[in-house]
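Trainee: See query.pdb below, with PDB, C-alpha atoms, pLDDT in the B column.
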ATOM      1  CA  MET A   1    -126.059 -13.961  95.442  1.00 50.00           C
ATOM      2  CA  CYS A   2    -129.495 -12.535  94.667  1.00 67.00           C
ATOM      3  CA  LYS A   3    -130.870  -9.865  96.947  1.00 87.00           C
ATOM      4  CA  ALA A   4    -134.113 -10.759  98.747  1.00 91.00           C
ATOM      5  CA  MET A   5    -137.431  -8.966  99.107  1.00 94.00           C
ATOM      6  CA  LYS A   6    -140.117  -9.416 101.723  1.00 96.00           C
ATOM      7  CA  VAL A   7    -143.809  -9.138 100.790  1.00 95.00           C
ATOM      8  CA  VAL A   8    -146.895  -9.013 102.992  1.00 95.00           C
ATOM      9  CA  VAL A   9    -149.560 -11.644 102.287  1.00 94.00           C
ATOM     10  CA  GLU A  10    -153.106 -11.389 103.651  1.00 93.00           C
ATOM     11  CA  ASN A  11    -155.375 -14.440 103.674  1.00 89.00           C
ATOM     12  CA  LEU A  12    -159.184 -14.630 103.657  1.00 86.00           C
ATOM     13  CA  THR A  13    -159.399 -14.279 107.439  1.00 89.00           C
ATOM     14  CA  GLY A  14    -157.368 -11.068 107.393  1.00 90.00           C
ATOM     15  CA  THR A  15    -154.269 -12.709 108.862  1.00 92.00           C
ATOM     16  CA  LEU A  16    -151.039 -11.154 107.631  1.00 94.00           C
ATOM     17  CA  PHE A  17    -147.792 -13.025 107.171  1.00 96.00           C
ATOM     18  CA  TYR A  18    -144.511 -12.237 105.478  1.00 96.00           C
ATOM     19  CA  ILE A  19    -142.811 -14.159 102.694  1.00 95.00           C
ATOM     20  CA  GLN A  20    -139.218 -13.562 101.674  1.00 96.00           C
ATOM     21  CA  VAL A  21    -138.101 -14.428  98.154  1.00 95.00           C
ATOM     22  CA  GLY A  22    -135.246 -13.430  95.882  1.00 94.00           C
ATOM     23  CA  ASN A  23    -135.569 -10.346  93.685  1.00 91.00           C
ATOM     24  CA  ASP A  24    -135.415 -12.660  90.670  1.00 92.00           C
ATOM     25  CA  ALA A  25    -138.281 -14.875  91.963  1.00 94.00           C
ATOM     26  CA  THR A  26    -141.283 -15.727  89.801  1.00 92.00           C
ATOM     27  CA  VAL A  27    -144.970 -15.897  90.724  1.00 91.00           C
ATOM     28  CA  GLU A  28    -144.552 -19.679  90.906  1.00 92.00           C
ATOM     29  CA  ASP A  29    -141.614 -19.278  93.324  1.00 94.00           C
ATOM     30  CA  LEU A  30    -143.761 -17.080  95.549  1.00 94.00           C
ATOM     31  CA  LYS A  31    -146.589 -19.631  95.530  1.00 93.00           C
ATOM     32  CA  LYS A  32    -144.154 -22.422  96.419  1.00 94.00           C
ATOM     33  CA  GLU A  33    -142.750 -20.370  99.307  1.00 95.00           C
ATOM     34  CA  ILE A  34    -146.285 -19.722 100.594  1.00 94.00           C
ATOM     35  CA  GLU A  35    -146.961 -23.465 100.317  1.00 94.00           C
ATOM     36  CA  ALA A  36    -143.805 -24.313 102.286  1.00 95.00           C
ATOM     37  CA  GLN A  37    -144.358 -21.722 105.012  1.00 94.00           C
ATOM     38  CA  GLN A  38    -148.144 -21.906 105.412  1.00 92.00           C
ATOM     39  CA  LYS A  39    -148.789 -25.534 104.355  1.00 91.00           C
ATOM     40  CA  LEU A  40    -151.209 -24.448 101.608  1.00 89.00           C
ATOM     41  CA  PRO A  41    -151.377 -26.193  98.203  1.00 89.00           C
ATOM     42  CA  CYS A  42    -149.669 -23.877  95.694  1.00 87.00           C
ATOM     43  CA  ASP A  43    -151.730 -25.205  92.772  1.00 86.00           C
ATOM     44  CA  ARG A  44    -154.894 -23.709  94.359  1.00 86.00           C
ATOM     45  CA  LEU A  45    -153.485 -20.288  95.253  1.00 88.00           C
ATOM     46  CA  ILE A  46    -154.775 -17.106  93.636  1.00 85.00           C
ATOM     47  CA  LEU A  47    -152.627 -14.069  94.333  1.00 87.00           C
ATOM     48  CA  VAL A  48    -153.844 -10.507  93.864  1.00 86.00           C
ATOM     49  CA  LEU A  49    -151.497  -7.537  94.101  1.00 84.00           C
ATOM     50  CA  ASP A  50    -152.945  -4.641  96.079  1.00 77.00           C
ATOM     51  CA  ALA A  51    -151.374  -1.872  93.999  1.00 63.00           C
ATOM     52  CA  ASP A  52    -153.333  -2.325  90.777  1.00 59.00           C
ATOM     53  CA  HIS A  53    -155.522  -5.356  91.488  1.00 57.00           C
ATOM     54  CA  CYS A  54    -153.533  -7.516  89.070  1.00 59.00           C
ATOM     55  CA  LEU A  55    -154.734 -11.108  89.168  1.00 57.00           C
ATOM     56  CA  LEU A  56    -151.709 -13.428  89.327  1.00 59.00           C
ATOM     57  CA  MET A  57    -153.204 -16.845  88.683  1.00 57.00           C
ATOM     58  CA  SER A  58    -152.865 -17.802  85.017  1.00 60.00           C
ATOM     59  CA  LYS A  59    -150.328 -20.425  84.037  1.00 60.00           C
ATOM     60  CA  GLU A  60    -148.720 -17.956  81.608  1.00 67.00           C
ATOM     61  CA  GLU A  61    -148.019 -15.528  84.438  1.00 75.00           C
ATOM     62  CA  GLU A  62    -146.586 -18.103  86.843  1.00 83.00           C
ATOM     63  CA  ASN A  63    -143.224 -17.903  85.071  1.00 86.00           C
ATOM     64  CA  ALA A  64    -143.230 -14.095  85.082  1.00 87.00           C
ATOM     65  CA  SER A  65    -140.877 -12.413  87.513  1.00 88.00           C
ATOM     66  CA  LEU A  66    -142.445 -10.754  90.521  1.00 89.00           C
ATOM     67  CA  ILE A  67    -140.811  -7.471  89.536  1.00 87.00           C
ATOM     68  CA  ASP A  68    -142.394  -7.647  86.058  1.00 85.00           C
ATOM     69  CA  CYS A  69    -145.779  -8.109  87.789  1.00 83.00           C
ATOM     70  CA  GLY A  70    -145.212  -4.964  89.847  1.00 84.00           C
ATOM     71  CA  ILE A  71    -144.326  -6.758  93.081  1.00 88.00           C
ATOM     72  CA  GLN A  72    -141.545  -5.175  95.096  1.00 89.00           C
ATOM     73  CA  GLU A  73    -140.232  -5.001  98.656  1.00 93.00           C
ATOM     74  CA  GLY A  74    -143.199  -4.480 101.004  1.00 92.00           C
ATOM     75  CA  SER A  75    -145.922  -5.190  98.420  1.00 91.00           C
ATOM     76  CA  HIS A  76    -149.274  -6.284  99.885  1.00 91.00           C
ATOM     77  CA  ILE A  77    -150.692  -9.415  98.261  1.00 91.00           C
ATOM     78  CA  TYR A  78    -154.136 -10.886  98.877  1.00 90.00           C
ATOM     79  CA  LEU A  79    -154.408 -14.676  98.972  1.00 90.00           C
ATOM     80  CA  PHE A  80    -157.468 -16.533  97.659  1.00 87.00           C
ATOM     81  CA  PHE A  81    -158.122 -20.153  96.672  1.00 83.00           C
ATOM     82  CA  ASN A  82    -159.445 -21.989  93.622  1.00 81.00           C
ATOM     83  CA  PRO A  83    -162.310 -24.423  94.379  1.00 75.00           C
ATOM     84  CA  ILE A  84    -161.055 -27.831  95.518  1.00 70.00           C
ATOM     85  CA  ASN A  85    -163.374 -29.850  93.250  1.00 63.00           C
ATOM     86  CA  ASP A  86    -161.637 -30.571  89.910  1.00 55.00           C
ATOM     87  CA  ASP A  87    -165.014 -31.422  88.350  1.00 55.00           C
ATOM     88  CA  TYR A  88    -166.297 -27.920  89.073  1.00 49.00           C
ATOM     89  CA  ASN A  89    -167.503 -26.673  85.672  1.00 47.00           C
ATOM     90  CA  ASP A  90    -169.085 -23.336  86.583  1.00 47.00           C
ATOM     91  CA  ASN A  91    -167.109 -20.210  85.817  1.00 46.00           C
ATOM     92  CA  PHE A  92    -165.226 -18.788  88.768  1.00 47.00           C
ATOM     93  CA  LEU A  93    -166.266 -15.162  89.142  1.00 47.00           C
ATOM     94  CA  PHE A  94    -163.908 -12.851  90.974  1.00 48.00           C
ATOM     95  CA  THR A  95    -165.315  -9.475  91.971  1.00 50.00           C
ATOM     96  CA  TRP A  96    -163.934  -6.587  93.987  1.00 50.00           C
ATOM     97  CA  PRO A  97    -165.746  -5.113  96.984  1.00 51.00           C
ATOM     98  CA  ASP A  98    -167.249  -1.673  96.285  1.00 50.00           C
ATOM     99  CA  PHE A  99    -164.583   0.122  98.322  1.00 47.00           C
ATOM    100  CA  TYR A 100    -161.952  -0.985  95.754  1.00 49.00           C
ATOM    101  CA  LEU A 101    -163.957   0.322  92.840  1.00 48.00           C
ATOM    102  CA  GLY A 102    -163.825   3.902  94.035  1.00 48.00           C
TER     103      GLY A 102
END
As structure tokens, please, write out the structure in this file.

Mentor:
Amino acid sequence: MCKAMKVVVENLTGTLFYIQVGNDATVEDLKKEIEAQQKLPCDRLILVLDADHCLLMSKEEENASLIDCGIQEGSHIYLFFNPINDDYNDNFLFTWPDFYLG
């Protein structure tokens, strides 16, 4: 049986919640667990790891293991959302607040 890890997720309102997944879980597995627990659509989730500000949203990275992405027990992950409109053609710009930039 695979050992589990618990990560801290913070949404846009600053609310923290915990998600438990197996150590062999992928980014997609984490998104699906967030969807199940928080009733949020996993296909719109953007996850950002606090440690090195690694954006975890590309389709290529969804099959990557959480450990390969630097996520471990107790990691703090920020939760954002893609726009709901599928016809949205403008580029989505993601910027960090100044306090993250040093």

Trainee: Could you check which residues have any atom within 12 Å of (-151.9, -22.9, 104.9), counting all atoms listed in the file with coordinates taken straight from the file, and then list them as a list in words?

Mentor: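 Here is the list of nearby residues: Val9, Glu10, Asn11, Leu12, Thr13, Thr15, Phe17, Lys31, Lys32, Glu33, Ile34, Glu35, Ala36, Gln37, Gln38, Lys39, Leu40, Pro41, Cys42, Arg44, Leu45, Leu79, Phe80 and Phe81 of chain A.
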
Trainee: Would you mind reading off the distance between CA of Cys69 in chain A and CA of Asp29 in chain A, one decimal, in Å?

Mentor: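 Taking CA of Cys69 in chain A and CA of Asp29 in chain A, their separation equals 13.1 Å.
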
Trainee: For a quick check of understanding, using only C-alpha atoms, which of A:Val8, A:Ile84, A:Ile19, A:Leu30 has the smallest distance to Leu66 in chain A?

Mentor: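 Selected residue with least distance to Leu66 in chain A: A:Leu30.
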
Trainee: At what distance in Å, to one decimal, does CA of Asp43 in chain A lie from CA of Met5 in chain A?

Mentor: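 Computing it gives 22.5 Å between the two atoms.
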
Trainee: In Å to one decimal, how far is CA of Gln20 in chain A from CA of Ser65 in chain A?

Mentor: 14.3 Å

Trainee: Would you pick out the contacts of Ile77 in chain A at 6 Å or less, using all atoms listed in the file, so that residues sharing its chain but fewer than 5 positions from it are not included, and give the list as a count of residues only?

Mentor: 4

Trainee: Written as a ChimeraX atom specification, which residues does the PyMOL selection byres ((chain A and resi 22) around 8) give for the file shown?

Mentor: /A:2-5,20-21,23-25
